[in-house]
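This is target_34.pdb (PDB, C-alpha atoms).
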ATOM      1  CA  TRP A  15     100.406 129.535 157.063
ATOM      2  CA  TYR A  16     100.142 126.683 154.565
ATOM      3  CA  TRP A  17      96.998 124.644 155.307
ATOM      4  CA  LYS A  18      94.420 127.423 155.203
ATOM      5  CA  PRO A  19      95.702 129.315 152.114
ATOM      6  CA  VAL A  20      95.333 126.161 149.971
ATOM      7  CA  HIS A  21      91.867 125.507 151.508
ATOM      8  CA  ALA A  22      92.977 122.034 152.512
ATOM      9  CA  ASP A  23      89.905 121.554 154.727
ATOM     10  CA  ASP A  24      87.762 121.828 151.588
ATOM     11  CA  LEU A  25      89.755 119.347 149.462
ATOM     12  CA  PRO A  26      89.477 115.561 149.135
ATOM     13  CA  SER A  27      91.635 113.543 151.514
ATOM     14  CA  GLY A  28      95.101 112.996 150.060
ATOM     15  CA  ILE A  29      94.793 115.958 147.714
ATOM     16  CA  ASP A  30      94.708 118.181 150.795
ATOM     17  CA  TYR A  31      97.986 116.761 152.090
ATOM     18  CA  PHE A  32      99.794 116.889 148.746
ATOM     19  CA  LEU A  33      98.753 120.479 148.095
ATOM     20  CA  PHE A  34      99.715 121.446 151.649
ATOM     21  CA  ASP A  35     103.182 119.922 151.210
ATOM     22  CA  SER A  36     103.526 121.572 147.802
ATOM     23  CA  GLY A  37     102.697 124.901 149.403
ATOM     24  CA  ILE A  38     105.413 124.473 152.018
ATOM     25  CA  LEU A  39     108.107 123.800 149.427
ATOM     26  CA  SER A  40     107.002 126.104 146.603
ATOM     27  CA  GLY A  41     104.564 128.585 148.115
ATOM     28  CA  THR A  42     100.816 128.306 148.532
ATOM     29  CA  ARG A  43      99.857 130.398 145.492
ATOM     30  CA  THR A  44     102.134 128.283 143.294
ATOM     31  CA  ALA A  45     100.610 125.079 144.681
ATOM     32  CA  VAL A  46      97.095 126.388 144.014
ATOM     33  CA  ARG A  47      98.101 127.353 140.457
ATOM     34  CA  TRP A  48      99.271 123.783 139.890
ATOM     35  CA  LEU A  49      95.903 122.526 141.148
ATOM     36  CA  GLN A  50      94.046 124.951 138.890
ATOM     37  CA  ARG A  51      96.038 123.832 135.833
ATOM     38  CA  CYS A  52      95.298 120.210 136.665
ATOM     39  CA  VAL A  53      91.543 120.739 137.083
ATOM     40  CA  GLY A  54      91.198 123.117 134.124
ATOM     41  CA  THR A  55      90.047 126.299 135.852
ATOM     42  CA  SER A  56      91.332 129.858 135.638
ATOM     43  CA  VAL A  57      94.841 130.050 137.041
ATOM     44  CA  ASP A  58      94.957 132.855 139.592
ATOM     45  CA  GLY A  59      96.439 131.130 142.655
ATOM     46  CA  ILE A  60      93.281 131.607 144.725
ATOM     47  CA  VAL A  61      90.984 128.722 145.666
ATOM     48  CA  GLY A  62      87.389 129.637 144.932
ATOM     49  CA  PRO A  63      84.134 127.809 144.258
ATOM     50  CA  LYS A  64      85.031 126.955 140.642
ATOM     51  CA  THR A  65      88.379 125.462 141.644
ATOM     52  CA  LEU A  66      86.729 123.447 144.414
ATOM     53  CA  ALA A  67      83.930 122.179 142.160
ATOM     54  CA  ALA A  68      86.401 121.148 139.458
ATOM     55  CA  THR A  69      88.603 119.456 142.074
ATOM     56  CA  TRP A  70      85.723 117.412 143.483
ATOM     57  CA  ALA A  71      84.584 116.490 139.961
ATOM     58  CA  MET A  72      87.831 114.595 139.310
ATOM     59  CA  LYS A  73      88.792 111.159 140.567
ATOM     60  CA  PRO A  74      91.261 111.792 143.409
ATOM     61  CA  LYS A  75      93.862 109.344 142.061
ATOM     62  CA  ASP A  76      93.776 110.922 138.603
ATOM     63  CA  LEU A  77      94.083 114.375 140.116
ATOM     64  CA  LEU A  78      96.954 113.318 142.365
ATOM     65  CA  ASP A  79      98.813 111.855 139.371
ATOM     66  CA  LYS A  80      98.384 115.151 137.516
ATOM     67  CA  LEU A  81      99.501 117.184 140.533
ATOM     68  CA  VAL A  82     102.648 115.072 140.936
ATOM     69  CA  ALA A  83     103.512 115.518 137.249
ATOM     70  CA  GLN A  84     102.815 119.284 137.430
ATOM     71  CA  ARG A  85     104.942 119.707 140.547
ATOM     72  CA  MET A  86     107.863 117.725 139.128
ATOM     73  CA  ALA A  87     107.746 119.587 135.796
ATOM     74  CA  SER A  88     107.821 122.892 137.644
ATOM     75  CA  LEU A  89     110.741 121.850 139.847
ATOM     76  CA  ARG A  90     112.689 120.541 136.834
ATOM     77  CA  SER A  91     112.321 123.918 135.156
ATOM     78  CA  ILE A  92     114.117 125.829 137.927
ATOM     79  CA  PRO A  93     117.443 126.892 136.362
ATOM     80  CA  GLY A  94     120.776 127.877 137.777
ATOM     81  CA  PRO A  95     123.308 126.385 140.128
ATOM     82  CA  ARG A  96     120.827 126.435 143.036
ATOM     83  CA  GLY A  97     117.964 125.015 140.978
ATOM     84  CA  TRP A  98     117.173 121.528 139.663
ATOM     85  CA  ALA A  99     120.833 120.727 138.965
ATOM     86  CA  HIS A 100     121.653 121.160 142.645
ATOM     87  CA  TRP A 101     118.493 120.074 144.477
ATOM     88  CA  HIS A 102     117.047 117.398 142.136
ATOM     89  CA  SER A 103     117.711 114.504 144.489
ATOM     90  CA  GLY A 104     116.178 116.122 147.565
ATOM     91  CA  TRP A 105     113.197 117.546 145.671
ATOM     92  CA  THR A 106     112.499 114.194 144.015
ATOM     93  CA  ASN A 107     112.650 112.428 147.377
ATOM     94  CA  ARG A 108     110.320 115.031 148.905
ATOM     95  CA  VAL A 109     107.758 114.697 146.106
ATOM     96  CA  ASN A 110     107.922 110.884 146.180
ATOM     97  CA  HIS A 111     107.428 110.837 149.955
ATOM     98  CA  SER A 112     104.535 113.292 149.751
ATOM     99  CA  LYS A 113     102.961 111.328 146.896
ATOM    100  CA  ALA A 114     103.190 108.038 148.815
ATOM    101  CA  ARG A 115     101.556 109.559 151.895
ATOM    102  CA  ALA A 116      98.838 111.196 149.797
ATOM    103  CA  TYR A 117      98.032 107.911 147.997
ATOM    104  CA  LYS A 118      97.525 106.224 151.366
ATOM    105  CA  MET A 119      95.081 108.961 152.332
ATOM    106  CA  LEU A 120      92.916 108.709 149.206
ATOM    107  CA  SER A 121      89.452 107.582 150.149
ATOM    108  CA  PRO A 122      88.419 104.185 148.771
ATOM    109  CA  VAL A 123      84.801 105.353 148.568
ATOM    110  CA  PRO A 124      83.409 108.390 146.760
ATOM    111  CA  GLU A 125      83.520 111.494 148.896
ATOM    112  CA  HIS A 126      81.139 114.428 148.875
ATOM    113  CA  MET A 127      81.582 118.084 148.172
ATOM    114  CA  PRO A 128      81.812 120.091 151.397
ATOM    115  CA  GLY A 129      78.438 121.564 152.226
ATOM    116  CA  GLU A 130      76.453 118.771 150.559
ATOM    117  CA  VAL A 131      73.747 117.142 152.618
ATOM    118  CA  VAL A 132      74.831 113.602 153.373
ATOM    119  CA  PRO A 133      72.447 111.221 155.186
ATOM    120  CA  LYS A 134      73.852 110.240 158.571
ATOM    121  CA  GLU A 135      71.949 106.955 158.820
ATOM    122  CA  LEU A 136      69.161 104.966 157.230
ATOM    123  CA  PRO A 137      65.671 105.133 158.719
ATOM    124  CA  PRO A 138      64.746 102.225 160.994
ATOM    125  CA  ALA A 139      63.351  99.125 159.295
ATOM    126  CA  ASP A 140      60.516  98.804 161.824
ATOM    127  CA  PRO A 141      58.129 101.829 161.747
ATOM    128  CA  ASN A 142      57.400 101.262 165.482
ATOM    129  CA  GLU A 143      61.089 101.467 166.353
ATOM    130  CA  PRO A 144      62.069 104.889 167.731
ATOM    131  CA  VAL A 145      64.475 106.987 165.715
ATOM    132  CA  ALA A 146      67.725 107.681 167.592
TER
END

Same coordinates, now as structure tokens:
Amino acid sequence: WYWKPVHADDLPSGIDYFLFDSGILSGTRTAVRWLQRCVGTSVDGIVGPKTLAATWAMKPKDLLDKLVAQRMASLRSIPGPRGWAHWHSGWTNRVNHSKARAYKMLSPVPEHMPGEVVPKELPPADPNEPVA
């Protein structure tokens, strides 16, 4: 209900988790809109090829920082007695926990766009050596 609508399988590690958690708390279309604002694509709440390309074009840490700021700004803007004034502590804790887990998941090496051809191994050094 939450993982597939945000296309988490197609997102960089860490970004997938944060967007998934955002979707649970605020709805998947809202979470995707936050992503689209952060990556500079059309904001329609639907993950498509342009959103994915723009997501993969950003450094994951920079994108995660933007997503955290976008999510917190949105939560702070919820008015009323059952909005930010009431839930600020719990929402802040939830975002901080999600952010910490997502940072741990960020890949230390550059990742690739899903569907790209990535070499599995280097060819053998000895031309007489059989290829596995």

List as JSON lines every residue of stretch 104-123 of chain A that is in contact with stretch 69-92 of chain A, defined as an atom at most 10 Å from one of its atoms (using all atoms listed in the file), together with the nearest atom pair and the distance in Å rounded to one decimal, sorted by chain and then rising number.
{"residue": "A:Trp105", "atom": "CA", "partner": "A:Leu89", "partner_atom": "CA", "distance": 7.6}
{"residue": "A:Thr106", "atom": "CA", "partner": "A:Met86", "partner_atom": "CA", "distance": 7.6}
{"residue": "A:Val109", "atom": "CA", "partner": "A:Val82", "partner_atom": "CA", "distance": 7.3}
{"residue": "A:Asn110", "atom": "CA", "partner": "A:Val82", "partner_atom": "CA", "distance": 8.5}
{"residue": "A:Ser112", "atom": "CA", "partner": "A:Val82", "partner_atom": "CA", "distance": 9.2}
{"residue": "A:Lys113", "atom": "CA", "partner": "A:Val82", "partner_atom": "CA", "distance": 7.0}
{"residue": "A:Ala116", "atom": "CA", "partner": "A:Leu78", "partner_atom": "CA", "distance": 8.0}
{"residue": "A:Tyr117", "atom": "CA", "partner": "A:Lys75", "partner_atom": "CA", "distance": 7.4}
{"residue": "A:Leu120", "atom": "CA", "partner": "A:Pro74", "partner_atom": "CA", "distance": 6.8}
{"residue": "A:Ser121", "atom": "CA", "partner": "A:Pro74", "partner_atom": "CA", "distance": 8.2}
{"residue": "A:Pro122", "atom": "CA", "partner": "A:Pro74", "partner_atom": "CA", "distance": 9.7}

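Going from atom CA of A:Ile60 over to atom CA of A:Arg47, you cover 7.7 Å.
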
Could you give me, as a ChimeraX atom specification, the residues within 7 Å of A:Thr55, counting all atoms listed in the file and dropping anything in the same chain fewer than 4 positions from it? /A:50-51,64-65

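For the residues A:Trp48, A:Pro93, A:Trp101, A:Asp24, ranking by smallest atom-to-atom distance to A:Pro63 using all atoms listed in the file places A:Asp24 first.
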
Answer as number ranges by chain, residues within 12 Å of (92.6, 116.6, 151.0) using all atoms listed in the file: A: 17-18, 20-35, 49, 66, 69-70, 74-75, 77-78, 115-121, 125-128

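Here atom CA of A:Gly104 is placed at a distance of 29.2 Å from atom CA of A:Gly54.
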
Any idea what the distance is between atom CA of A:Thr42 and atom CA of A:Gly59? 7.9 Å

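Counting all atoms listed in the file and comparing A:Pro19, A:Ile38, A:His102, A:Gly94, the residue that lies closest to A:Gly62 is A:Pro19.
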